[in-house]
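Reproduced below: entry.json, with JSON, C-alpha atoms.
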[["chain", "number", "residue", "atom", "x", "y", "z"],
["A", 1, "MET", "CA", 0.00, 0.00, 0.00],
["A", 2, "LYS", "CA", 1.39, 3.38, -1.02],
["A", 3, "SER", "CA", 0.46, 6.32, 1.12],
["A", 4, "ALA", "CA", 0.83, 10.08, 1.38],
["A", 5, "VAL", "CA", 0.58, 12.38, 4.37],
["A", 6, "ILE", "CA", -0.51, 15.96, 3.74],
["A", 7, "VAL", "CA", 1.50, 18.61, 5.58],
["A", 8, "PHE", "CA", -0.27, 21.89, 6.35],
["A", 9, "PRO", "CA", 1.39, 24.75, 8.21],
["A", 10, "ALA", "CA", 1.01, 23.73, 11.90],
["A", 11, "SER", "CA", 0.18, 20.11, 11.25],
["A", 12, "ASN", "CA", 1.87, 18.37, 14.18],
["A", 13, "CYS", "CA", 0.92, 14.71, 13.83],
["A", 14, "ASP", "CA", 2.16, 14.40, 10.26],
["A", 15, "ARG", "CA", 5.34, 12.66, 11.33],
["A", 16, "ASP", "CA", 3.46, 10.41, 13.79],
["A", 17, "ALA", "CA", 1.28, 9.34, 10.87],
["A", 18, "ALA", "CA", 4.30, 8.82, 8.59],
["A", 19, "THR", "CA", 6.08, 6.74, 11.26],
["A", 20, "ALA", "CA", 3.00, 4.58, 11.85],
["A", 21, "LEU", "CA", 2.54, 4.07, 8.09],
["A", 22, "GLU", "CA", 6.18, 3.13, 7.63],
["A", 23, "GLN", "CA", 6.07, 0.68, 10.55],
["A", 24, "MET", "CA", 2.93, -0.94, 9.23],
["A", 25, "THR", "CA", 3.63, -0.98, 5.49],
["A", 26, "GLY", "CA", 7.42, -1.15, 5.42],
["A", 27, "LYS", "CA", 7.36, 1.75, 2.96],
["A", 28, "LYS", "CA", 7.96, 5.42, 3.49],
["A", 29, "ALA", "CA", 4.91, 7.62, 3.12],
["A", 30, "ALA", "CA", 5.21, 10.55, 0.72],
["A", 31, "MET", "CA", 5.02, 13.86, 2.59],
["A", 32, "VAL", "CA", 2.95, 16.23, 0.47],
["A", 33, "TRP", "CA", 3.05, 19.98, 1.10],
["A", 34, "HIS", "CA", -0.34, 21.71, 1.11],
["A", 35, "GLN", "CA", 0.66, 24.03, -1.72],
["A", 36, "ASP", "CA", 1.30, 21.16, -4.11],
["A", 37, "SER", "CA", -1.51, 20.61, -6.54],
["A", 38, "VAL", "CA", -0.87, 16.98, -7.45],
["A", 39, "LEU", "CA", -0.73, 13.87, -5.32],
["A", 40, "PRO", "CA", 1.84, 11.16, -6.00],
["A", 41, "ASP", "CA", 0.39, 7.83, -7.14],
["A", 42, "VAL", "CA", -0.89, 6.52, -3.78],
["A", 43, "ASP", "CA", -3.65, 4.29, -2.42],
["A", 44, "LEU", "CA", -4.18, 6.17, 0.84],
["A", 45, "VAL", "CA", -4.08, 9.87, 1.68],
["A", 46, "VAL", "CA", -3.81, 10.83, 5.35],
["A", 47, "LEU", "CA", -4.83, 14.25, 6.63],
["A", 48, "PRO", "CA", -3.01, 14.43, 9.95],
["A", 49, "GLY", "CA", -3.77, 15.98, 13.30],
["A", 50, "GLY", "CA", -2.54, 19.38, 14.35],
["A", 51, "PHE", "CA", -3.65, 22.97, 14.26],
["A", 52, "SER", "CA", -3.48, 23.81, 10.57],
["A", 53, "TYR", "CA", -3.26, 27.58, 10.06],
["A", 54, "GLY", "CA", -3.45, 28.04, 13.82],
["A", 55, "ASP", "CA", -7.12, 27.01, 13.72],
["A", 56, "TYR", "CA", -7.83, 30.53, 12.44],
["A", 57, "LEU", "CA", -11.47, 31.32, 11.65],
["A", 58, "ARG", "CA", -12.58, 27.71, 12.29],
["A", 59, "CYS", "CA", -10.59, 24.50, 12.66],
["A", 60, "GLY", "CA", -9.84, 23.18, 9.18],
["A", 61, "ALA", "CA", -11.42, 26.12, 7.35],
["A", 62, "MET", "CA", -8.17, 27.54, 5.98],
["A", 63, "ALA", "CA", -6.67, 24.13, 5.22],
["A", 64, "ASN", "CA", -9.73, 23.39, 3.12],
["A", 65, "GLN", "CA", -8.73, 26.28, 0.85],
["A", 66, "SER", "CA", -5.28, 24.77, 0.20],
["A", 67, "LYS", "CA", -4.27, 23.88, -3.33],
["A", 68, "ILE", "CA", -3.85, 20.20, -2.53],
["A", 69, "MET", "CA", -7.53, 19.85, -1.55],
["A", 70, "GLY", "CA", -8.57, 19.70, -5.21],
["A", 71, "ALA", "CA", -6.35, 16.66, -5.74],
["A", 72, "ILE", "CA", -7.64, 15.04, -2.53],
["A", 73, "LYS", "CA", -11.27, 15.51, -3.63],
["A", 74, "ALA", "CA", -10.43, 13.98, -7.01],
["A", 75, "HIS", "CA", -8.66, 11.05, -5.31],
["A", 76, "ALA", "CA", -11.73, 10.46, -3.11],
["A", 77, "ALA", "CA", -14.10, 10.81, -6.05],
["A", 78, "LYS", "CA", -12.39, 8.00, -7.91],
["A", 79, "GLY", "CA", -12.61, 5.75, -4.85],
["A", 80, "GLY", "CA", -9.17, 6.36, -3.31],
["A", 81, "ALA", "CA", -8.95, 5.98, 0.47],
["A", 82, "VAL", "CA", -8.71, 9.11, 2.64],
["A", 83, "LEU", "CA", -8.13, 9.05, 6.39],
["A", 84, "GLY", "CA", -8.60, 12.26, 8.37],
["A", 85, "ILE", "CA", -7.41, 12.15, 11.95],
["A", 86, "CYS", "CA", -8.34, 14.87, 14.44],
["A", 87, "ASN", "CA", -7.60, 18.14, 12.59],
["A", 88, "GLY", "CA", -7.77, 16.02, 9.43],
["A", 89, "PHE", "CA", -11.37, 15.10, 10.34],
["A", 90, "GLN", "CA", -12.13, 18.81, 10.82],
["A", 91, "VAL", "CA", -10.69, 19.53, 7.36],
["A", 92, "LEU", "CA", -12.83, 16.77, 5.84],
["A", 93, "THR", "CA", -16.05, 18.18, 7.33],
["A", 94, "GLU", "CA", -15.10, 21.70, 6.21],
["A", 95, "SER", "CA", -14.49, 20.38, 2.69],
["A", 96, "GLY", "CA", -17.84, 18.64, 2.53],
["A", 97, "LEU", "CA", -16.22, 15.23, 1.98],
["A", 98, "LEU", "CA", -17.85, 14.26, 5.28],
["A", 99, "PRO", "CA", -21.10, 15.68, 6.67],
["A", 100, "GLY", "CA", -21.53, 17.66, 9.88],
["A", 101, "ALA", "CA", -19.11, 19.86, 11.77],
["A", 102, "LEU", "CA", -16.78, 19.70, 14.77],
["A", 103, "MET", "CA", -17.50, 22.26, 17.42],
["A", 104, "ARG", "CA", -15.93, 23.43, 20.66],
["A", 105, "ASN", "CA", -15.93, 20.65, 23.30],
["A", 106, "ALA", "CA", -19.03, 20.87, 25.46],
["A", 107, "GLY", "CA", -16.83, 21.19, 28.56],
["A", 108, "LEU", "CA", -14.83, 24.00, 26.88],
["A", 109, "LYS", "CA", -11.56, 22.28, 27.81],
["A", 110, "PHE", "CA", -8.92, 20.71, 25.64],
["A", 111, "VAL", "CA", -9.17, 16.97, 26.27],
["A", 112, "CYS", "CA", -5.95, 14.95, 26.06],
["A", 113, "LYS", "CA", -6.23, 11.35, 27.29],
["A", 114, "PRO", "CA", -6.74, 7.78, 26.12],
["A", 115, "VAL", "CA", -10.40, 7.03, 25.50],
["A", 116, "SER", "CA", -12.31, 3.80, 25.10],
["A", 117, "LEU", "CA", -14.18, 3.44, 21.82],
["A", 118, "SER", "CA", -16.48, 0.82, 20.42],
["A", 119, "VAL", "CA", -16.03, -0.29, 16.83],
["A", 120, "GLU", "CA", -19.55, 0.08, 15.48],
["A", 121, "GLU", "CA", -19.15, -1.19, 11.94],
["A", 122, "THR", "CA", -16.63, -3.48, 10.29],
["A", 123, "GLN", "CA", -17.75, -3.07, 6.69],
["A", 124, "SER", "CA", -14.98, -0.77, 5.50],
["A", 125, "SER", "CA", -11.34, -1.13, 4.63],
["A", 126, "PHE", "CA", -10.58, 0.90, 7.76],
["A", 127, "THR", "CA", -12.39, -1.32, 10.27],
["A", 128, "ARG", "CA", -12.54, -4.77, 8.65],
["A", 129, "LYS", "CA", -9.83, -6.19, 10.92],
["A", 130, "TYR", "CA", -11.73, -5.32, 14.09],
["A", 131, "ASP", "CA", -14.57, -7.34, 15.59],
["A", 132, "LYS", "CA", -17.93, -5.58, 15.53],
["A", 133, "GLY", "CA", -18.57, -4.06, 18.96],
["A", 134, "ALA", "CA", -14.91, -4.47, 19.99],
["A", 135, "SER", "CA", -13.52, -2.05, 22.57],
["A", 136, "VAL", "CA", -10.38, -0.22, 21.54],
["A", 137, "THR", "CA", -8.38, 2.49, 23.27],
["A", 138, "PHE", "CA", -7.05, 5.40, 21.20],
["A", 139, "PRO", "CA", -5.78, 8.71, 22.58],
["A", 140, "VAL", "CA", -7.68, 11.94, 21.92],
["A", 141, "ALA", "CA", -6.15, 15.43, 21.99],
["A", 142, "HIS", "CA", -8.52, 18.15, 20.90],
["A", 143, "GLY", "CA", -10.44, 21.24, 21.92],
["A", 144, "GLU", "CA", -12.94, 21.04, 19.07],
["A", 145, "GLY", "CA", -14.11, 17.46, 18.74],
["A", 146, "ASN", "CA", -17.78, 17.91, 19.52],
["A", 147, "TYR", "CA", -19.42, 16.32, 16.49],
["A", 148, "TYR", "CA", -22.57, 18.08, 15.33],
["A", 149, "ALA", "CA", -24.99, 17.28, 12.51],
["A", 150, "ASP", "CA", -28.72, 17.78, 12.21],
["A", 151, "THR", "CA", -31.02, 14.94, 13.27],
["A", 152, "GLU", "CA", -31.73, 13.89, 9.72],
["A", 153, "THR", "CA", -28.01, 13.54, 8.93],
["A", 154, "LEU", "CA", -27.36, 11.66, 12.17],
["A", 155, "ASP", "CA", -30.22, 9.24, 11.44],
["A", 156, "ARG", "CA", -28.89, 8.73, 7.95],
["A", 157, "LEU", "CA", -25.33, 8.07, 9.17],
["A", 158, "GLU", "CA", -26.64, 5.50, 11.62],
["A", 159, "GLY", "CA", -29.08, 3.95, 9.15],
["A", 160, "GLU", "CA", -26.37, 3.51, 6.54],
["A", 161, "GLY", "CA", -23.88, 2.03, 8.98],
["A", 162, "ARG", "CA", -21.51, 4.98, 8.64],
["A", 163, "VAL", "CA", -20.87, 5.63, 12.33],
["A", 164, "MET", "CA", -17.64, 3.66, 12.65],
["A", 165, "PHE", "CA", -16.47, 4.54, 16.16],
["A", 166, "ARG", "CA", -18.38, 5.69, 19.23],
["A", 167, "TYR", "CA", -17.04, 6.95, 22.56],
["A", 168, "ARG", "CA", -17.90, 4.69, 25.47],
["A", 169, "ASP", "CA", -17.59, 7.69, 27.80],
["A", 170, "ASN", "CA", -18.22, 10.82, 25.69],
["A", 171, "PRO", "CA", -15.34, 13.29, 26.35],
["A", 172, "ASN", "CA", -16.57, 16.25, 24.27],
["A", 173, "GLY", "CA", -20.35, 16.30, 23.92],
["A", 174, "SER", "CA", -20.43, 14.72, 20.45],
["A", 175, "ALA", "CA", -23.89, 13.97, 19.11],
["A", 176, "ARG", "CA", -24.80, 10.32, 19.75],
["A", 177, "ASP", "CA", -21.27, 9.70, 21.10],
["A", 178, "ILE", "CA", -19.87, 9.77, 17.57],
["A", 179, "ALA", "CA", -16.08, 9.57, 17.33],
["A", 180, "GLY", "CA", -15.65, 8.65, 13.66],
["A", 181, "ILE", "CA", -17.73, 8.53, 10.48],
["A", 182, "LEU", "CA", -17.49, 7.31, 6.93],
["A", 183, "ASN", "CA", -18.63, 8.93, 3.69],
["A", 184, "GLU", "CA", -21.34, 7.42, 1.52],
["A", 185, "LYS", "CA", -18.90, 5.62, -0.78],
["A", 186, "ARG", "CA", -17.14, 4.18, 2.31],
["A", 187, "ASN", "CA", -13.66, 5.28, 1.24],
["A", 188, "VAL", "CA", -13.26, 8.40, 3.41],
["A", 189, "LEU", "CA", -12.98, 8.06, 7.20],
["A", 190, "GLY", "CA", -12.73, 10.91, 9.66],
["A", 191, "LEU", "CA", -12.19, 10.39, 13.37],
["A", 192, "MET", "CA", -11.10, 12.55, 16.30],
["A", 193, "PRO", "CA", -9.10, 9.87, 18.21],
["A", 194, "HIS", "CA", -5.57, 9.03, 17.04],
["A", 195, "PRO", "CA", -5.07, 5.45, 15.79],
["A", 196, "GLU", "CA", -1.57, 6.35, 14.55],
["A", 197, "ARG", "CA", -0.46, 6.94, 18.14],
["A", 198, "VAL", "CA", -1.27, 3.36, 19.14],
["A", 199, "VAL", "CA", 0.73, 1.41, 16.60],
["A", 200, "ASP", "CA", 4.02, 1.02, 18.47],
["A", 201, "PRO", "CA", 3.77, -0.77, 21.88],
["A", 202, "LEU", "CA", 6.37, 1.67, 23.20],
["A", 203, "ASN", "CA", 3.70, 4.37, 22.91],
["A", 204, "GLY", "CA", 1.40, 2.52, 25.27],
["A", 205, "GLY", "CA", -0.87, 0.48, 23.03],
["A", 206, "THR", "CA", -1.37, -1.26, 19.71],
["A", 207, "ASP", "CA", -5.12, -0.96, 19.16],
["A", 208, "GLY", "CA", -4.56, 1.24, 16.10],
["A", 209, "ARG", "CA", -2.64, -1.43, 14.18],
["A", 210, "ALA", "CA", -5.75, -3.23, 12.94],
["A", 211, "LEU", "CA", -6.95, -0.06, 11.20],
["A", 212, "PHE", "CA", -3.76, 0.09, 9.12],
["A", 213, "GLN", "CA", -3.75, -3.71, 8.60],
["A", 214, "GLY", "CA", -7.27, -3.47, 7.17],
["A", 215, "LEU", "CA", -6.16, -0.76, 4.77],
["A", 216, "ILE", "CA", -3.06, -2.71, 3.73],
["A", 217, "GLU", "CA", -5.17, -5.81, 3.01],
["A", 218, "SER", "CA", -7.75, -3.85, 1.05],
["A", 219, "LEU", "CA", -5.45, -1.56, -0.88],
["A", 220, "SER", "CA", -2.28, -3.53, -1.59],
["B", 221, "MET", "CA", -16.35, 50.58, 0.99],
["B", 222, "LYS", "CA", -16.35, 48.99, 4.40],
["B", 223, "ALA", "CA", -18.40, 45.99, 5.40],
["B", 224, "ARG", "CA", -19.03, 44.08, 8.58],
["B", 225, "VAL", "CA", -19.99, 40.42, 8.67],
["B", 226, "PHE", "CA", -21.56, 38.86, 11.77],
["B", 227, "VAL", "CA", -21.17, 35.10, 12.07],
["B", 228, "THR", "CA", -23.20, 33.39, 14.77],
["B", 229, "LEU", "CA", -24.28, 29.86, 15.57],
["B", 230, "LYS", "CA", -27.63, 28.81, 14.16],
["B", 231, "ASN", "CA", -30.53, 28.63, 16.55],
["B", 232, "GLY", "CA", -30.65, 25.23, 18.19],
["B", 233, "VAL", "CA", -26.90, 24.64, 17.89],
["B", 234, "LEU", "CA", -25.43, 24.32, 21.36],
["B", 235, "ASP", "CA", -23.09, 27.19, 22.22],
["B", 236, "PRO", "CA", -20.91, 26.10, 25.16],
["B", 237, "GLN", "CA", -18.93, 29.36, 25.08],
["B", 238, "GLY", "CA", -22.11, 31.44, 25.25],
["B", 239, "LYS", "CA", -23.28, 29.31, 28.18],
["B", 240, "ALA", "CA", -20.00, 29.81, 30.04],
["B", 241, "ILE", "CA", -20.17, 33.58, 29.46],
["B", 242, "GLY", "CA", -23.75, 33.59, 30.79],
["B", 243, "HIS", "CA", -22.72, 31.68, 33.91],
["B", 244, "ALA", "CA", -19.82, 34.05, 34.48],
["B", 245, "LEU", "CA", -22.09, 37.09, 34.16],
["B", 246, "ASN", "CA", -24.55, 35.56, 36.62],
["B", 247, "GLY", "CA", -21.61, 34.92, 38.95],
["B", 248, "LEU", "CA", -20.64, 38.60, 38.74],
["B", 249, "GLY", "CA", -24.08, 39.51, 40.00],
["B", 250, "PHE", "CA", -25.76, 40.26, 36.69],
["B", 251, "GLY", "CA", -28.78, 38.25, 37.68],
["B", 252, "SER", "CA", -30.93, 39.45, 34.81],
["B", 253, "VAL", "CA", -28.79, 37.63, 32.20],
["B", 254, "GLY", "CA", -30.56, 34.68, 30.64],
["B", 255, "GLU", "CA", -29.33, 32.86, 27.56],
["B", 256, "VAL", "CA", -26.11, 34.16, 25.97],
["B", 257, "ARG", "CA", -24.98, 33.37, 22.43],
["B", 258, "GLN", "CA", -21.60, 34.51, 21.12],
["B", 259, "GLY", "CA", -20.15, 34.86, 17.64],
["B", 260, "LYS", "CA", -17.65, 36.62, 15.44],
["B", 261, "VAL", "CA", -17.43, 40.01, 13.80],
["B", 262, "ILE", "CA", -15.33, 40.31, 10.66],
["B", 263, "ASP", "CA", -14.55, 43.79, 9.28],
["B", 264, "LEU", "CA", -13.59, 44.01, 5.64],
["B", 265, "GLU", "CA", -12.43, 46.77, 3.33],
["B", 266, "LEU", "CA", -13.54, 46.37, -0.26],
["B", 267, "SER", "CA", -12.44, 48.21, -3.38],
["B", 268, "GLU", "CA", -15.95, 47.72, -4.77],
["B", 269, "SER", "CA", -18.11, 50.86, -4.95],
["B", 270, "ASP", "CA", -21.44, 49.32, -6.01],
["B", 271, "PRO", "CA", -23.28, 48.22, -2.83],
["B", 272, "ALA", "CA", -25.31, 45.55, -4.64],
["B", 273, "LYS", "CA", -22.19, 43.99, -6.14],
["B", 274, "ALA", "CA", -20.40, 44.22, -2.81],
["B", 275, "LYS", "CA", -23.26, 42.48, -1.06],
["B", 276, "ALA", "CA", -23.35, 39.66, -3.62],
["B", 277, "SER", "CA", -19.62, 39.21, -3.32],
["B", 278, "LEU", "CA", -19.79, 39.21, 0.51],
["B", 279, "LYS", "CA", -22.53, 36.58, 0.42],
["B", 280, "ASP", "CA", -20.28, 34.41, -1.73],
["B", 281, "MET", "CA", -17.41, 34.94, 0.75],
["B", 282, "CYS", "CA", -19.67, 33.88, 3.62],
["B", 283, "GLU", "CA", -20.83, 30.75, 1.84],
["B", 284, "LYS", "CA", -17.32, 29.75, 0.75],
["B", 285, "LEU", "CA", -15.23, 30.62, 3.77],
["B", 286, "LEU", "CA", -16.40, 33.06, 6.43],
["B", 287, "ALA", "CA", -19.23, 30.90, 7.80],
["B", 288, "ASN", "CA", -19.71, 27.17, 8.02],
["B", 289, "THR", "CA", -23.37, 27.03, 7.11],
["B", 290, "VAL", "CA", -23.76, 23.58, 8.69],
["B", 291, "ILE", "CA", -23.63, 25.28, 12.08],
["B", 292, "GLU", "CA", -23.47, 29.03, 11.49],
["B", 293, "LYS", "CA", -25.55, 31.82, 10.02],
["B", 294, "TYR", "CA", -24.31, 35.21, 8.87],
["B", 295, "GLU", "CA", -25.45, 38.78, 8.48],
["B", 296, "ILE", "CA", -23.85, 41.36, 6.21],
["B", 297, "GLU", "CA", -23.73, 45.07, 6.97],
["B", 298, "ILE", "CA", -22.42, 47.54, 4.44],
["B", 299, "LYS", "CA", -21.22, 50.85, 5.82]]
Using structure tokens, write down the structure from this file.
Amino acid sequence: MKSAVIVFPASNCDRDAATALEQMTGKKAAMVWHQDSVLPDVDLVVLPGGFSYGDYLRCGAMANQSKIMGAIKAHAAKGGAVLGICNGFQVLTESGLLPGALMRNAGLKFVCKPVSLSVEETQSSFTRKYDKGASVTFPVAHGEGNYYADTETLDRLEGEGRVMFRYRDNPNGSARDIAGILNEKRNVLGLMPHPERVVDPLNGGTDGRALFQGLIESLS
Amino acid sequence: MKARVFVTLKNGVLDPQGKAIGHALNGLGFGSVGEVRQGKVIDLELSESDPAKAKASLKDMCEKLLANTVIEKYEIEIK
């Protein structure tokens, strides 16, 4: 599986993502600067965590105006896999690739801790290696992770099996405990928790490995 | 021409910051304060001189960048 990690100004989990991808795939991920307008030939594009453009205006709003976003939308439109983690998820909702929005945490505090999640759906290349209903622990680190969408959108996401991860103990006020969602074509995943930080046991857990294994199996 | 854009959360969208401000005002003794909603003000200078054109262009700016219409609404004031 060939992968690329997009680097925005003030991305800060881009190298975590690249390290996780290299550990899992044995290949270096291409680091793609936000001002580039073409993607290398890759199977997976990762939008990493961080504070792109200092979270100015709204989290992800400026990053969504970057040149590279056109190429990412085209990659997604032809079925290519896109994974948005944390700030990457915020960029995906701003771009319209995923529905809804991520708002200020209900408790108004930045939340930085490991959280327990349930894997809600396994029908996707991202979650196929997990058992349905499995409990996994991924870290979260965000101030704006409070997922919001109108009732109709939430019902639709649930009805179509597109809520992939739910918080077991909601840390941010997200609607229906949603931690991660999929697009309609099931090739774009956005989630607030960080699977790339739980790939190496030295970092305190390996629950994120199955997400990358699923992608490798599906996309190689 | 100068313009001011107000971006606020749509009705029904929870505003935790507004709530915290309300609580703080109550704590300061401003007992009459009920619900508080907060938002953003963006001041812009435009080289456009036709108010109708300016307004159309500002609306486009709001839709494309200044507001996230999933959660926010906007008002445009031309000065």
Do you have, as a tab-separated table, the list of residues of chain B lying at most 12 Å from chain A, each with its nearest atom pair and that distance in Å to one decimal, counting all atoms listed in the file and ordered by chain then number?
residue	atom	partner	partner_atom	distance
B:Val227	CA	A:Leu57	CA	10.4
B:Leu229	CA	A:Met103	CA	10.4
B:Lys230	CA	A:Asp150	CA	11.3
B:Asn231	CA	A:Asp150	CA	11.8
B:Gly232	CA	A:Asp150	CA	9.7
B:Val233	CA	A:Tyr148	CA	8.3
B:Leu234	CA	A:Ala106	CA	8.3
B:Asp235	CA	A:Ala106	CA	8.2
B:Pro236	CA	A:Ala106	CA	5.6
B:Gln237	CA	A:Leu108	CA	7.0
B:Gly238	CA	A:Leu108	CA	10.5
B:Lys239	CA	A:Ala106	CA	9.8
B:Ala240	CA	A:Leu108	CA	8.4
B:Ile241	CA	A:Leu108	CA	11.3
B:Gly259	CA	A:Leu57	CA	11.1
B:Lys260	CA	A:Leu57	CA	9.0
B:Val261	CA	A:Leu57	CA	10.8
B:Ile262	CA	A:Leu57	CA	9.8
B:Cys282	CA	A:Leu57	CA	11.8
B:Glu283	CA	A:Glu94	CA	11.6
B:Lys284	CA	A:Gln65	CA	9.3
B:Leu285	CA	A:Ala61	CA	6.9
B:Leu286	CA	A:Leu57	CA	7.4
B:Ala287	CA	A:Arg58	CA	8.6
B:Asn288	CA	A:Glu94	CA	7.4
B:Thr289	CA	A:Ala101	CA	9.6
B:Val290	CA	A:Gly100	CA	6.4
B:Ile291	CA	A:Ala101	CA	7.1
B:Glu292	CA	A:Ala101	CA	10.2
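From CA of Pro171 (chain A) back to CA of Asn203 (chain A), the distance works out to 21.3 Å.
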Could you check which residues have any atom within 12 Å of (-24.1, 9.4, 4.1), counting only C-alpha atoms with coordinates taken straight from the file, and then list them as an NGL selection string? :A and (96-100 or 149 or 152-163 or 181-189)
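Using all atoms listed in the file, the residues found no farther than 8 Å from region 12-24 of chain A, other than those of its own chain fewer than 2 positions away, are Ser3, Val5, Ile6, Val7, Ala10, Gly26, Lys27, Lys28, Ala29, Met31, Val46, Leu47, Pro48, Gly49, Gly50, Phe51, Glu196, Arg197, Val199, Asp200, Arg209, Phe212 and Gln213 of chain A.
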Can you list, as an NGL selection string, every protein, DNA or RNA residue that comes within 9 Å of region 131-146 of chain A when you count all atoms listed in the file, leaving out same-chain residues fewer than 6 positions away? :A and (50 or 59 or 86-87 or 90 or 101-106 or 108-122 or 168 or 171-175 or 178-179 or 192-198 or 205-208)
Pull the neighbourhood of (-7.4, 14.6, -8.0) for me: all residues within 12 Å in file coordinates, counting only C-alpha atoms, as a ChimeraX atom specification. /A:36-42,45,67-80
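CA of Tyr147 (chain A) lies 19.8 Å from CA of Phe126 (chain A).
Between CA of Asp270 (chain B) and CA of Met221 (chain B) the separation is 8.7 Å.
Closest to Leu219 (chain A) among A:Gln35, A:Ser52, A:Thr25, A:Ser125 is A:Ser125, based on all atoms listed in the file.
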Neighbours of Glu268 (chain B) within 12 Å (all atoms listed in the file; same-chain residues fewer than 6 positions away dropped), as a PyMOL selection string? chain B and resi 221-223+274-278+298
